[in-house]
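Asks: Structure incoming, see below.
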Amino acid sequence: MKCPNCQTENPDLAKFCKGCGAKLEAPTAGAAVFCKACGEPIKQGAKFCPKCGTGVAAPTNAPVPPTVPTPPPAKPVYEGPNAIVPPTAPVPPKAPAPPTAPVPPVSAPVPPTAPTPPTAPVPPVSAPVPPKAPAPPTAPVPPVSAPVPPTVPTPPPAKPVYEGPNAIVPPTAPVPPKAPAPQPVPAQPKAPVPQPVPAQPKAPAKEKKGASTIIIICAVVVVLAIALVVLFKTGVIGGSSAENNKKTEEADNKTTDSAETTEEAETTTEETEPEDTSLSAEELAKIMAPIDSVKDEGLALLTEEDTVGSREKLSTALNQYISIAQEYGTYDELTDCINDAYNGYVEATITQVNRLYKQDVSTGLYEQMHIDANAALDLSAKIEAAGIDVDASSIEEIMADLPANYKERYILAINELTEAESWSRSTAWAIMEDVPGLGLYDEADLDDPLRLRYAYSLAMYTRKANATDIESGSLSPRDAGMKILDSIDEMDYNPVLILDAADYFKQAGENYTANVLYSLYDELTSIIEYYQGLRIPSEIPWERYWYFNDFGEYSVDDRNGASAECRQEIRIRAQEVLSSL
């Protein structure tokens with residue numbers, strides 16, 4: 001019985017091939033024979049496949065699937081003299097599946113039933129045959145068991161993959177290996193780099209080392225020789241004193257020439273006269289005529305007490321005068337006109353500031369007075385920068401006194417409200433609402449008379465706002481209580497606000513907080529009675545108790561109020577209790 005795999009003759013009763021170890025099965029009579037390469041049915045007696053041309057040695061009982069390769073056998077492929085090499089140009093199967101397994105190593109056998117690429121033969125391991133496609137002449141092709149596709153050649157490795165005793169090198173002449181790089185030579189200035197001497201590939205190790213040492217020594221000698229020549233030529237070594245003196249003299253001459261050139265340039269600069277931009281009296285009068293007309297209109301409006309129009313006209317004239325002075329210089333006529341215009345501008349400004357000052361206090365009026373006074377100071381600075389002196393002392397005095405004077409206006413405005421039959425909480429708050437942003441008092445000074453009046457106005461307005469909002473349903477009692485506690489420090493811990501907060505928390509059902517606040521309120525009224533001898537509210541109702549009155553310079557009553565010591569004691573005790581909530 002012939003083996004269908006390697007064509008070795010075996011006994012009729014053998015179950016495995018003695019040549020390759022493949023399993024032998026006797027053909028069944030009448031059974032169809034299939035090509036082992038493409039699976040095509042083959043008639044009895046045919047020696048080659050009618051579809052792909054593969055030789056048929058013996059029939060098989062079942063077709064070989066072209067897309068499912070059989071796992072490799074445990075033993076290697078037969079390597080004897082009768083090993084069959086597939087034809088060089090077989091027809092590929094209908095739908096060969098791409099191999100998914102990695103390329104086996106050299107020693108791994110080739111599966112007997114796996115389809116073989118059409119152009120590469122399968123070389124046996126023991127006697128590898130180089131592929132028909134010639135290898136590049138520069139590198140030998142190592143023998144491998146898996147063929148390399150001819151269309152995309154794999155670059156040859158530096159060494160053959162298989163290095164055993166049976167490794168065969170193709171008969172092509174090997175290319176001599178590249179010469180190794182020469183040993184590095186220490187870099188020296190201006191020294192030529194010696195040409196690399198290629199080392200013989202087969203030279204003994206001792207000869208390579210000796211040759212490299214000689215090359216390095218020669219290079220060092222050449223570098224030293226060049227360096228000595230350079231030093232002699234530059235005169236550093238062996239230069240004559242005459243040559244050195246000559247070089248020194250040349251350097252001195254260059255320095256002298258440079259100094260003379262600089263002196264000539266300076267002389268030329270000094271001789272250049274600036275361009276004459278002066279104006280004649282007629283030219284100056286012609287330029288100033290329209291500006292003088294604007295100035296005269298501004299002064300005329302000042303006599304009519306139109307301070308706004310007067311300041312506008314005079315400001316326009318002053319800016320035009322300043323431009324003339326910057327371009328042509330100062331003249332007596334120009335200086336006189338500028339002083340006349342600026343003095344009129346200052347007079348109009350002072351008149352306007354005094355007019356605003358006499359009106360009811362408000363943050364808007366105070367800010368406008370600052371704007372007007374600062375505009376006059378800015379003009380004086382521009383005029384002086386153009387080289388003309390003007391008198392701005394009166395405006396400077398107004399700016400220096402304005403904060404203190406207007407602060408007093410605010411204090412007196414609140415004091416006047418206490419003389420009315422009823423305390424107007426809305427009016428007080430309208431006066432004091434924006435005062436903190438003006439910077440008229442020190443925030444750290446808790447007893448500043450203006451700060452005390454601001455705190456009192458805020459407390460009274462908060463009482464009225466809470467009552468109105470609760471009545472309208474827009475604020476709950478608890479929210480009203482929290483609103484008071486959130487700003488009680490800003491209201492200087494006014495006792496009547498603490499009493500209001502206690503009432504609101506009681507209405508909200510928060511009895512613990514309410515009881516704490518009621519107890520604190522009793523303590524604060526006791527402090528007032530101790531320091532002032534006044535029982536609140538039995539003797540004086542809260543609506544008429546002037547908690548801001550400190551009996552100082554701006555006192556509104558000789559008994560109704562709280563001294564600085566009394567208020568400080570209230571602050572300390574209130575902070576201790578409220579911090580526990």
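The way I read the labels, and the way they are meant: chains A, B, ... in the order of the structure tokens, residue 1 as the first residue of every chain, and ligand 1 as the first ligand shown, with later ones counted on from there.
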What's the 12 Å shell around Leu301 (chain A), counting only C-alpha atoms, without same-chain residues fewer than 2 positions away, as an MDAnalysis selection string?
Replies: chainID A and resid 294:299 303:314 344:345 347:348
Asks: Name all residues at most 12 Å from region 524-537 of chain A (count only C-alpha atoms; drop same-chain ones fewer than 3 positions away) and give them as a PyMOL selection string.
Replies: chain A and resi 493-499+517-521+540-547+549-551+558-575+577
Asks: Show which residues sit within 12 Å of Asp445 (chain A), as a list in words. Count only C-alpha atoms, and ignore same-chain residues fewer than 4 positions away.
Replies: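 After dropping sequence-adjacent residues, the list is Leu440, Tyr441, Pro449, Leu450, Arg451, Leu452, Asp492, Ala564 and Gln568 of chain A.
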